[in-house]
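Asker: Below is my_file_3.cif; it holds mmCIF, C-alpha atoms; chains and numbers go by the auth columns.
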```cif
data_data
loop_
_atom_site.group_PDB
_atom_site.id
_atom_site.type_symbol
_atom_site.label_atom_id
_atom_site.label_comp_id
_atom_site.label_asym_id
_atom_site.label_seq_id
_atom_site.Cartn_x
_atom_site.Cartn_y
_atom_site.Cartn_z
_atom_site.B_iso_or_equiv
_atom_site.auth_seq_id
_atom_site.auth_asym_id
ATOM 1 C CA MET A 1 -51.967 182.529 12.709 0.00 1 A
ATOM 2 C CA VAL A 2 -49.238 182.558 15.318 0.00 2 A
ATOM 3 C CA VAL A 3 -45.822 183.903 14.389 0.00 3 A
ATOM 4 C CA LEU A 4 -43.241 182.514 16.782 0.00 4 A
ATOM 5 C CA SER A 5 -40.395 184.646 15.475 0.00 5 A
ATOM 6 C CA ALA A 6 -39.467 187.079 12.723 0.00 6 A
ATOM 7 C CA ALA A 7 -35.822 187.153 11.686 0.00 7 A
ATOM 8 C CA VAL A 8 -33.395 188.525 9.129 0.00 8 A
ATOM 9 C CA CYS A 9 -30.601 186.086 8.218 0.00 9 A
ATOM 10 C CA THR A 10 -27.716 185.996 5.783 0.00 10 A
ATOM 11 C CA LYS A 11 -27.624 183.399 3.000 0.00 11 A
ATOM 12 C CA ASN A 12 -25.302 181.199 5.076 0.00 12 A
ATOM 13 C CA GLY A 13 -27.577 181.324 8.132 0.00 13 A
ATOM 14 C CA LYS A 14 -26.078 184.049 10.334 0.00 14 A
ATOM 15 C CA ALA A 15 -28.938 185.700 12.229 0.00 15 A
ATOM 16 C CA LEU A 16 -28.700 189.492 12.005 0.00 16 A
ATOM 17 C CA LEU A 17 -31.975 190.199 13.779 0.00 17 A
ATOM 18 C CA SER A 18 -34.539 188.027 15.481 0.00 18 A
ATOM 19 C CA ARG A 19 -37.673 189.028 17.355 0.00 19 A
ATOM 20 C CA GLN A 20 -39.694 186.450 19.298 0.00 20 A
ATOM 21 C CA TYR A 21 -43.432 186.957 19.788 0.00 21 A
ATOM 22 C CA VAL A 22 -44.128 184.035 22.120 0.00 22 A
ATOM 23 C CA ASP A 23 -42.236 182.723 25.140 0.00 23 A
ATOM 24 C CA MET A 24 -39.362 180.698 23.788 0.00 24 A
ATOM 25 C CA THR A 25 -35.956 179.862 25.188 0.00 25 A
ATOM 26 C CA ARG A 26 -32.885 181.310 23.554 0.00 26 A
ATOM 27 C CA ILE A 27 -31.546 177.831 22.868 0.00 27 A
ATOM 28 C CA ARG A 28 -34.735 176.864 21.012 0.00 28 A
ATOM 29 C CA ILE A 29 -34.779 179.954 18.794 0.00 29 A
ATOM 30 C CA GLU A 30 -31.060 179.618 18.051 0.00 30 A
ATOM 31 C CA GLY A 31 -31.657 175.968 17.131 0.00 31 A
ATOM 32 C CA LEU A 32 -34.551 176.860 14.824 0.00 32 A
ATOM 33 C CA LEU A 33 -32.527 179.590 13.134 0.00 33 A
ATOM 34 C CA ALA A 34 -29.480 177.328 12.788 0.00 34 A
ATOM 35 C CA ALA A 35 -31.610 174.595 11.202 0.00 35 A
ATOM 36 C CA PHE A 36 -33.063 176.906 8.544 0.00 36 A
ATOM 37 C CA PRO A 37 -30.108 177.037 6.108 0.00 37 A
ATOM 38 C CA LYS A 38 -29.710 173.260 6.363 0.00 38 A
ATOM 39 C CA LEU A 39 -33.367 172.768 5.432 0.00 39 A
ATOM 40 C CA LEU A 40 -33.169 175.286 2.634 0.00 40 A
ATOM 41 C CA GLY A 41 -33.161 173.637 -0.764 0.00 41 A
ATOM 42 C CA THR A 42 -31.864 174.984 -4.023 0.00 42 A
ATOM 43 C CA GLY A 43 -35.250 176.437 -5.017 0.00 43 A
ATOM 44 C CA ASN A 44 -35.246 180.104 -6.018 0.00 44 A
ATOM 45 C CA GLN A 45 -38.875 181.145 -5.511 0.00 45 A
ATOM 46 C CA GLN A 46 -39.973 184.592 -4.364 0.00 46 A
ATOM 47 C CA HIS A 47 -42.152 183.354 -1.500 0.00 47 A
ATOM 48 C CA THR A 48 -41.766 179.879 -0.178 0.00 48 A
ATOM 49 C CA PHE A 49 -41.945 177.781 2.960 0.00 49 A
ATOM 50 C CA ILE A 50 -40.420 174.752 4.627 0.00 50 A
ATOM 51 C CA GLU A 51 -42.302 172.599 7.117 0.00 51 A
ATOM 52 C CA THR A 52 -40.715 170.551 9.878 0.00 52 A
ATOM 53 C CA ASP A 53 -42.352 168.375 12.518 0.00 53 A
ATOM 54 C CA SER A 54 -43.005 171.320 14.834 0.00 54 A
ATOM 55 C CA VAL A 55 -42.797 174.612 12.889 0.00 55 A
ATOM 56 C CA ARG A 56 -43.155 176.183 9.464 0.00 56 A
ATOM 57 C CA TYR A 57 -40.490 178.479 8.034 0.00 57 A
ATOM 58 C CA VAL A 58 -41.954 181.072 5.672 0.00 58 A
ATOM 59 C CA TYR A 59 -39.198 183.041 3.994 0.00 59 A
ATOM 60 C CA GLN A 60 -38.375 185.442 1.217 0.00 60 A
ATOM 61 C CA PRO A 61 -34.925 186.023 -0.256 0.00 61 A
ATOM 62 C CA ILE A 62 -34.139 189.737 -0.438 0.00 62 A
ATOM 63 C CA GLU A 63 -30.839 190.430 -2.203 0.00 63 A
ATOM 64 C CA GLY A 64 -28.173 188.747 -0.028 0.00 64 A
ATOM 65 C CA LEU A 65 -30.475 188.171 2.949 0.00 65 A
ATOM 66 C CA PHE A 66 -33.482 186.109 3.984 0.00 66 A
ATOM 67 C CA LEU A 67 -36.536 187.542 5.695 0.00 67 A
ATOM 68 C CA LEU A 68 -37.860 184.670 7.767 0.00 68 A
ATOM 69 C CA LEU A 69 -41.041 184.002 9.730 0.00 69 A
ATOM 70 C CA ILE A 70 -41.162 180.984 11.995 0.00 70 A
ATOM 71 C CA THR A 71 -44.782 180.007 12.613 0.00 71 A
ATOM 72 C CA ASN A 72 -46.614 177.093 14.146 0.00 72 A
ATOM 73 C CA LYS A 73 -47.909 174.510 11.691 0.00 73 A
ATOM 74 C CA ALA A 74 -51.544 175.389 12.385 0.00 74 A
ATOM 75 C CA SER A 75 -51.121 178.952 11.139 0.00 75 A
ATOM 76 C CA ASN A 76 -52.771 180.095 7.925 0.00 76 A
ATOM 77 C CA ILE A 77 -50.141 180.100 5.164 0.00 77 A
ATOM 78 C CA VAL A 78 -51.957 182.845 3.226 0.00 78 A
ATOM 79 C CA GLU A 79 -51.887 185.175 6.254 0.00 79 A
ATOM 80 C CA ASP A 80 -48.253 184.248 6.832 0.00 80 A
ATOM 81 C CA LEU A 81 -47.410 185.242 3.254 0.00 81 A
ATOM 82 C CA GLU A 82 -49.276 188.558 3.657 0.00 82 A
ATOM 83 C CA THR A 83 -47.307 189.257 6.831 0.00 83 A
ATOM 84 C CA LEU A 84 -44.071 188.355 5.052 0.00 84 A
ATOM 85 C CA ARG A 85 -44.967 190.646 2.152 0.00 85 A
ATOM 86 C CA LEU A 86 -45.552 193.584 4.502 0.00 86 A
ATOM 87 C CA LEU A 87 -42.344 192.907 6.431 0.00 87 A
ATOM 88 C CA SER A 88 -40.457 192.738 3.113 0.00 88 A
ATOM 89 C CA LYS A 89 -41.628 196.308 2.452 0.00 89 A
ATOM 90 C CA VAL A 90 -40.841 197.445 6.010 0.00 90 A
ATOM 91 C CA LEU A 91 -37.269 196.108 5.939 0.00 91 A
ATOM 92 C CA PRO A 92 -35.792 198.353 3.204 0.00 92 A
ATOM 93 C CA ASP A 93 -37.996 201.269 4.263 0.00 93 A
ATOM 94 C CA GLN A 94 -36.721 201.304 7.855 0.00 94 A
ATOM 95 C CA ALA A 95 -33.155 200.069 7.277 0.00 95 A
ATOM 96 C CA GLY A 96 -32.488 202.319 4.293 0.00 96 A
ATOM 97 C CA GLY A 97 -31.323 199.355 2.237 0.00 97 A
ATOM 98 C CA VAL A 98 -31.119 195.589 2.306 0.00 98 A
ATOM 99 C CA THR A 99 -27.509 194.978 3.233 0.00 99 A
ATOM 100 C CA GLU A 100 -26.035 193.354 6.301 0.00 100 A
ATOM 101 C CA GLU A 101 -24.590 196.707 7.420 0.00 101 A
ATOM 102 C CA ALA A 102 -27.891 198.546 6.942 0.00 102 A
ATOM 103 C CA VAL A 103 -29.808 195.950 8.978 0.00 103 A
ATOM 104 C CA GLN A 104 -27.230 195.965 11.773 0.00 104 A
ATOM 105 C CA GLY A 105 -27.220 199.773 11.844 0.00 105 A
ATOM 106 C CA LYS A 106 -31.004 200.035 12.208 0.00 106 A
ATOM 107 C CA MET A 107 -31.794 196.995 14.381 0.00 107 A
ATOM 108 C CA PHE A 108 -33.908 198.794 16.960 0.00 108 A
ATOM 109 C CA GLU A 109 -35.921 200.650 14.325 0.00 109 A
ATOM 110 C CA LEU A 110 -36.575 197.338 12.585 0.00 110 A
ATOM 111 C CA VAL A 111 -37.686 195.670 15.826 0.00 111 A
ATOM 112 C CA PHE A 112 -40.084 198.553 16.506 0.00 112 A
ATOM 113 C CA ALA A 113 -41.450 198.303 12.953 0.00 113 A
ATOM 114 C CA PHE A 114 -41.826 194.506 13.233 0.00 114 A
ATOM 115 C CA ASP A 115 -43.705 195.066 16.500 0.00 115 A
ATOM 116 C CA GLU A 116 -46.141 197.340 14.661 0.00 116 A
ATOM 117 C CA VAL A 117 -46.910 194.485 12.241 0.00 117 A
ATOM 118 C CA ILE A 118 -47.002 191.565 14.710 0.00 118 A
ATOM 119 C CA THR A 119 -48.394 191.804 18.237 0.00 119 A
ATOM 120 C CA THR A 120 -47.092 190.069 21.333 0.00 120 A
ATOM 121 C CA GLY A 121 -48.557 186.603 21.078 0.00 121 A
ATOM 122 C CA GLY A 122 -47.720 186.402 17.364 0.00 122 A
ATOM 123 C CA TYR A 123 -50.865 187.789 15.742 0.00 123 A
ATOM 124 C CA ARG A 124 -50.784 190.103 12.721 0.00 124 A
ATOM 125 C CA GLU A 125 -52.115 193.637 12.977 0.00 125 A
ATOM 126 C CA GLN A 126 -54.191 194.983 10.091 0.00 126 A
ATOM 127 C CA ILE A 127 -51.873 197.875 9.268 0.00 127 A
ATOM 128 C CA SER A 128 -50.346 199.404 6.146 0.00 128 A
ATOM 129 C CA LEU A 129 -46.797 200.558 5.483 0.00 129 A
ATOM 130 C CA GLN A 130 -47.914 204.191 5.641 0.00 130 A
ATOM 131 C CA GLN A 131 -49.541 203.640 9.060 0.00 131 A
ATOM 132 C CA ILE A 132 -46.347 201.982 10.314 0.00 132 A
ATOM 133 C CA GLN A 133 -44.303 204.981 9.163 0.00 133 A
ATOM 134 C CA THR A 134 -46.755 207.340 10.895 0.00 134 A
ATOM 135 C CA ASN A 135 -46.692 205.371 14.145 0.00 135 A
ATOM 136 C CA LEU A 136 -42.905 205.198 14.216 0.00 136 A
ATOM 137 C CA SER A 137 -42.468 208.902 13.523 0.00 137 A
ATOM 138 C CA MET A 138 -44.726 209.992 16.386 0.00 138 A
ATOM 139 C CA GLU A 139 -43.079 212.069 19.057 0.00 139 A
ATOM 140 C CA SER A 140 -43.544 211.607 22.763 0.00 140 A
ATOM 141 C CA HIS A 141 -44.123 214.635 24.972 0.00 141 A
ATOM 142 C CA GLU A 142 -42.510 212.782 27.887 0.00 142 A
ATOM 143 C CA GLU A 143 -39.452 211.996 25.771 0.00 143 A
ATOM 144 C CA LYS A 144 -39.078 215.655 24.761 0.00 144 A
ATOM 145 C CA LEU A 145 -39.447 216.745 28.390 0.00 145 A
ATOM 146 C CA HIS A 146 -36.839 214.207 29.513 0.00 146 A
ATOM 147 C CA LYS A 147 -34.381 215.394 26.855 0.00 147 A
ATOM 148 C CA MET A 148 -34.906 219.032 27.864 0.00 148 A
ATOM 149 C CA ILE A 149 -34.247 218.183 31.528 0.00 149 A
ATOM 150 C CA GLU A 150 -31.095 216.251 30.580 0.00 150 A
ATOM 151 C CA GLN A 151 -29.847 219.160 28.462 0.00 151 A
ATOM 152 C CA SER A 152 -30.431 221.630 31.292 0.00 152 A
ATOM 153 C CA LYS A 153 -28.550 219.345 33.722 0.00 153 A
ATOM 154 C CA VAL A 154 -25.615 219.128 31.311 0.00 154 A
ATOM 155 C CA ALA A 155 -25.638 222.905 30.822 0.00 155 A
ATOM 156 C CA SER A 156 -25.734 223.571 34.581 0.00 156 A
ATOM 157 C CA ALA A 157 -22.927 221.056 35.165 0.00 157 A
ATOM 158 C CA LYS A 158 -20.804 222.858 32.552 0.00 158 A
ATOM 159 C CA ASP A 159 -21.507 226.221 34.205 0.00 159 A
ATOM 160 C CA GLU A 160 -20.464 224.901 37.617 0.00 160 A
ATOM 161 C CA ALA A 161 -17.272 223.336 36.270 0.00 161 A
#
```
Is it possible to give me this structure as structure tokens?

Answerer:
Amino acid sequence: MVVLSAAVCTKNGKALLSRQYVDMTRIRIEGLLAAFPKLLGTGNQQHTFIETDSVRYVYQPIEGLFLLLITNKASNIVEDLETLRLLSKVLPDQAGGVTEEAVQGKMFELVFAFDEVITTGGYREQISLQQIQTNLSMESHEEKLHKMIEQSKVASAKDEA
């Protein structure tokens, strides 16, 4: 299974978030995302897919949004659906809701969480929602050290001023 891109779109096709996992030009991904709402039928299934000549769109409607995976046609549809199911749990967990504002407010957290599920190259990791939460909550010693140094520089600058 190779996931080309994972995206969150509105019902009318506006891309709120898109993460590419293989080398792809911006024009190509924008074209694929723009084509999705046009290909979308009137079906109202929980999990569904659309195939074109070159890619497969695997998507799930979540309230007013679509969670969308763009895969190559040779990918395993069952694995794609499992990946979509996990991402559909990650989205409300990390964004704190499934609204356009919530997704836009937590874009970086969502990208990091998507990266825990799908590796560079587009392959799915065998990971659970709890493991994703654990990995994302880990603290970095280097980050703490950097923040302490920055705070001491700000404090010393205030003292000198």

Asker: With the file shown as input, list the residues that the PyMOL selection byres ((chain A and resi 98-108) around 8) selects, as a list in words.

Answerer: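 Those residues are Thr10, Leu16, Leu17, Ile62, Glu63, Gly64, Leu65, Leu91, Pro92, Gln94, Ala95, Gly96, Gly97, Glu109, Leu110, Val111 and Phe112 of chain A.
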
Asker: Using the chain letters and numbering of this document, enumerate as a list in words the residues selected by the PyMOL selection byres ((chain A and resi 125) around 12).

Answerer: Met1, Val2, Val3, Glu79, Asp80, Glu82, Thr83, Leu86, Leu87, Ala113, Phe114, Asp115, Glu116, Val117, Ile118, Thr119, Thr120, Gly121, Gly122, Tyr123, Arg124, Gln126, Ile127, Ser128, Leu129, Gln131 and Ile132 of chain A

Asker: I'd like to see the residues matched by the PyMOL selection byres ((chain A and resi 12) around 10) on this file, and ideally I'd get them as JSON, numbers by chain.

Answerer: {"A": [9, 10, 11, 13, 14, 15, 34, 36, 37, 38, 64, 65, 66]}

Asker: Atom CA of Tyr59 of chain A and atom CA of Ala7 of chain A, how far apart in Å?

Answerer: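 Pair atom CA of Ala7 of chain A / atom CA of Tyr59 of chain A returns 9.4 Å.
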
Asker: Enter the distance from atom CA of Pro61 of chain A to atom CA of Arg85 of chain A, in Å, rounded to one decimal.

Answerer: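 So the answer is 11.3 Å.
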
Asker: Just to confirm, what's the straight-line distance from atom CA of Ser152 of chain A to atom CA of Ser140 of chain A in Å (one decimal)?

Answerer: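 Between atom CA of Ser152 of chain A and atom CA of Ser140 of chain A the gap works out to 18.6 Å.
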
Asker: Please reconstruct the missing atoms of segment 116-145 of chain A (target: N, CA and C atoms) and return them as a PDB file, in the frame of the given file.

Answerer:
```
ATOM      1  N   GLU A 116     -44.930 196.697  15.167  1.00  0.00           N
ATOM      2  CA  GLU A 116     -46.141 197.340  14.661  1.00  0.00           C
ATOM      3  C   GLU A 116     -46.947 196.365  13.798  1.00  0.00           C
ATOM      4  N   VAL A 117     -46.259 195.443  13.133  1.00  0.00           N
ATOM      5  CA  VAL A 117     -46.910 194.485  12.241  1.00  0.00           C
ATOM      6  C   VAL A 117     -47.439 193.280  13.013  1.00  0.00           C
ATOM      7  N   ILE A 118     -46.650 192.785  13.973  1.00  0.00           N
ATOM      8  CA  ILE A 118     -47.002 191.565  14.710  1.00  0.00           C
ATOM      9  C   ILE A 118     -47.091 191.903  16.193  1.00  0.00           C
ATOM     10  N   THR A 119     -48.194 191.516  16.819  1.00  0.00           N
ATOM     11  CA  THR A 119     -48.394 191.804  18.237  1.00  0.00           C
ATOM     12  C   THR A 119     -47.712 190.751  19.101  1.00  0.00           C
ATOM     13  N   THR A 120     -47.569 191.070  20.385  1.00  0.00           N
ATOM     14  CA  THR A 120     -47.092 190.069  21.333  1.00  0.00           C
ATOM     15  C   THR A 120     -48.117 188.951  21.345  1.00  0.00           C
ATOM     16  N   GLY A 121     -47.670 187.738  21.239  1.00  0.00           N
ATOM     17  CA  GLY A 121     -48.557 186.603  21.078  1.00  0.00           C
ATOM     18  C   GLY A 121     -48.513 186.078  19.659  1.00  0.00           C
ATOM     19  N   GLY A 122     -47.941 186.877  18.714  1.00  0.00           N
ATOM     20  CA  GLY A 122     -47.720 186.402  17.364  1.00  0.00           C
ATOM     21  C   GLY A 122     -48.831 186.637  16.374  1.00  0.00           C
ATOM     22  N   TYR A 123     -49.761 187.542  16.664  1.00  0.00           N
ATOM     23  CA  TYR A 123     -50.865 187.789  15.742  1.00  0.00           C
ATOM     24  C   TYR A 123     -50.599 189.031  14.914  1.00  0.00           C
ATOM     25  N   ARG A 124     -51.027 188.998  13.645  1.00  0.00           N
ATOM     26  CA  ARG A 124     -50.784 190.103  12.721  1.00  0.00           C
ATOM     27  C   ARG A 124     -51.783 191.223  12.957  1.00  0.00           C
ATOM     28  N   GLU A 125     -51.267 192.449  12.934  1.00  0.00           N
ATOM     29  CA  GLU A 125     -52.115 193.637  12.977  1.00  0.00           C
ATOM     30  C   GLU A 125     -52.545 193.977  11.555  1.00  0.00           C
ATOM     31  N   GLN A 126     -53.742 194.509  11.401  1.00  0.00           N
ATOM     32  CA  GLN A 126     -54.191 194.983  10.091  1.00  0.00           C
ATOM     33  C   GLN A 126     -53.698 196.415   9.952  1.00  0.00           C
ATOM     34  N   ILE A 127     -52.537 196.578   9.348  1.00  0.00           N
ATOM     35  CA  ILE A 127     -51.873 197.875   9.268  1.00  0.00           C
ATOM     36  C   ILE A 127     -51.153 197.972   7.927  1.00  0.00           C
ATOM     37  N   SER A 128     -51.029 199.190   7.423  1.00  0.00           N
ATOM     38  CA  SER A 128     -50.346 199.404   6.146  1.00  0.00           C
ATOM     39  C   SER A 128     -48.954 199.983   6.402  1.00  0.00           C
ATOM     40  N   LEU A 129     -48.139 200.011   5.363  1.00  0.00           N
ATOM     41  CA  LEU A 129     -46.797 200.558   5.483  1.00  0.00           C
ATOM     42  C   LEU A 129     -46.848 202.032   5.876  1.00  0.00           C
ATOM     43  N   GLN A 130     -47.786 202.771   5.315  1.00  0.00           N
ATOM     44  CA  GLN A 130     -47.914 204.191   5.641  1.00  0.00           C
ATOM     45  C   GLN A 130     -48.286 204.388   7.112  1.00  0.00           C
ATOM     46  N   GLN A 131     -49.174 203.546   7.650  1.00  0.00           N
ATOM     47  CA  GLN A 131     -49.541 203.640   9.060  1.00  0.00           C
ATOM     48  C   GLN A 131     -48.351 203.297   9.956  1.00  0.00           C
ATOM     49  N   ILE A 132     -47.544 202.337   9.546  1.00  0.00           N
ATOM     50  CA  ILE A 132     -46.347 201.982  10.314  1.00  0.00           C
ATOM     51  C   ILE A 132     -45.400 203.173  10.357  1.00  0.00           C
ATOM     52  N   GLN A 133     -45.184 203.813   9.221  1.00  0.00           N
ATOM     53  CA  GLN A 133     -44.303 204.981   9.163  1.00  0.00           C
ATOM     54  C   GLN A 133     -44.827 206.090  10.064  1.00  0.00           C
ATOM     55  N   THR A 134     -46.143 206.315  10.048  1.00  0.00           N
ATOM     56  CA  THR A 134     -46.755 207.340  10.895  1.00  0.00           C
ATOM     57  C   THR A 134     -46.564 207.007  12.374  1.00  0.00           C
ATOM     58  N   ASN A 135     -46.826 205.768  12.746  1.00  0.00           N
ATOM     59  CA  ASN A 135     -46.692 205.371  14.145  1.00  0.00           C
ATOM     60  C   ASN A 135     -45.258 205.496  14.637  1.00  0.00           C
ATOM     61  N   LEU A 136     -44.303 205.148  13.797  1.00  0.00           N
ATOM     62  CA  LEU A 136     -42.905 205.198  14.216  1.00  0.00           C
ATOM     63  C   LEU A 136     -42.359 206.619  14.268  1.00  0.00           C
ATOM     64  N   SER A 137     -42.956 207.523  13.522  1.00  0.00           N
ATOM     65  CA  SER A 137     -42.468 208.902  13.523  1.00  0.00           C
ATOM     66  C   SER A 137     -43.112 209.761  14.605  1.00  0.00           C
ATOM     67  N   MET A 138     -44.067 209.223  15.336  1.00  0.00           N
ATOM     68  CA  MET A 138     -44.726 209.992  16.386  1.00  0.00           C
ATOM     69  C   MET A 138     -43.737 210.385  17.473  1.00  0.00           C
ATOM     70  N   GLU A 139     -43.946 211.568  17.997  1.00  0.00           N
ATOM     71  CA  GLU A 139     -43.079 212.069  19.057  1.00  0.00           C
ATOM     72  C   GLU A 139     -43.792 211.961  20.393  1.00  0.00           C
ATOM     73  N   SER A 140     -43.009 211.733  21.413  1.00  0.00           N
ATOM     74  CA  SER A 140     -43.544 211.607  22.763  1.00  0.00           C
ATOM     75  C   SER A 140     -43.263 212.890  23.539  1.00  0.00           C
ATOM     76  N   HIS A 141     -44.295 213.435  24.155  1.00  0.00           N
ATOM     77  CA  HIS A 141     -44.123 214.635  24.972  1.00  0.00           C
ATOM     78  C   HIS A 141     -43.196 214.339  26.148  1.00  0.00           C
ATOM     79  N   GLU A 142     -43.352 213.159  26.749  1.00  0.00           N
ATOM     80  CA  GLU A 142     -42.510 212.782  27.887  1.00  0.00           C
ATOM     81  C   GLU A 142     -41.059 212.658  27.468  1.00  0.00           C
ATOM     82  N   GLU A 143     -40.823 212.133  26.262  1.00  0.00           N
ATOM     83  CA  GLU A 143     -39.452 211.996  25.771  1.00  0.00           C
ATOM     84  C   GLU A 143     -38.827 213.371  25.557  1.00  0.00           C
ATOM     85  N   LYS A 144     -39.581 214.298  24.962  1.00  0.00           N
ATOM     86  CA  LYS A 144     -39.078 215.655  24.761  1.00  0.00           C
ATOM     87  C   LYS A 144     -38.751 216.318  26.095  1.00  0.00           C
ATOM     88  N   LEU A 145     -39.647 216.160  27.058  1.00  0.00           N
ATOM     89  CA  LEU A 145     -39.447 216.745  28.390  1.00  0.00           C
ATOM     90  C   LEU A 145     -38.196 216.168  29.038  1.00  0.00           C
TER      91      LEU A 145
END
```
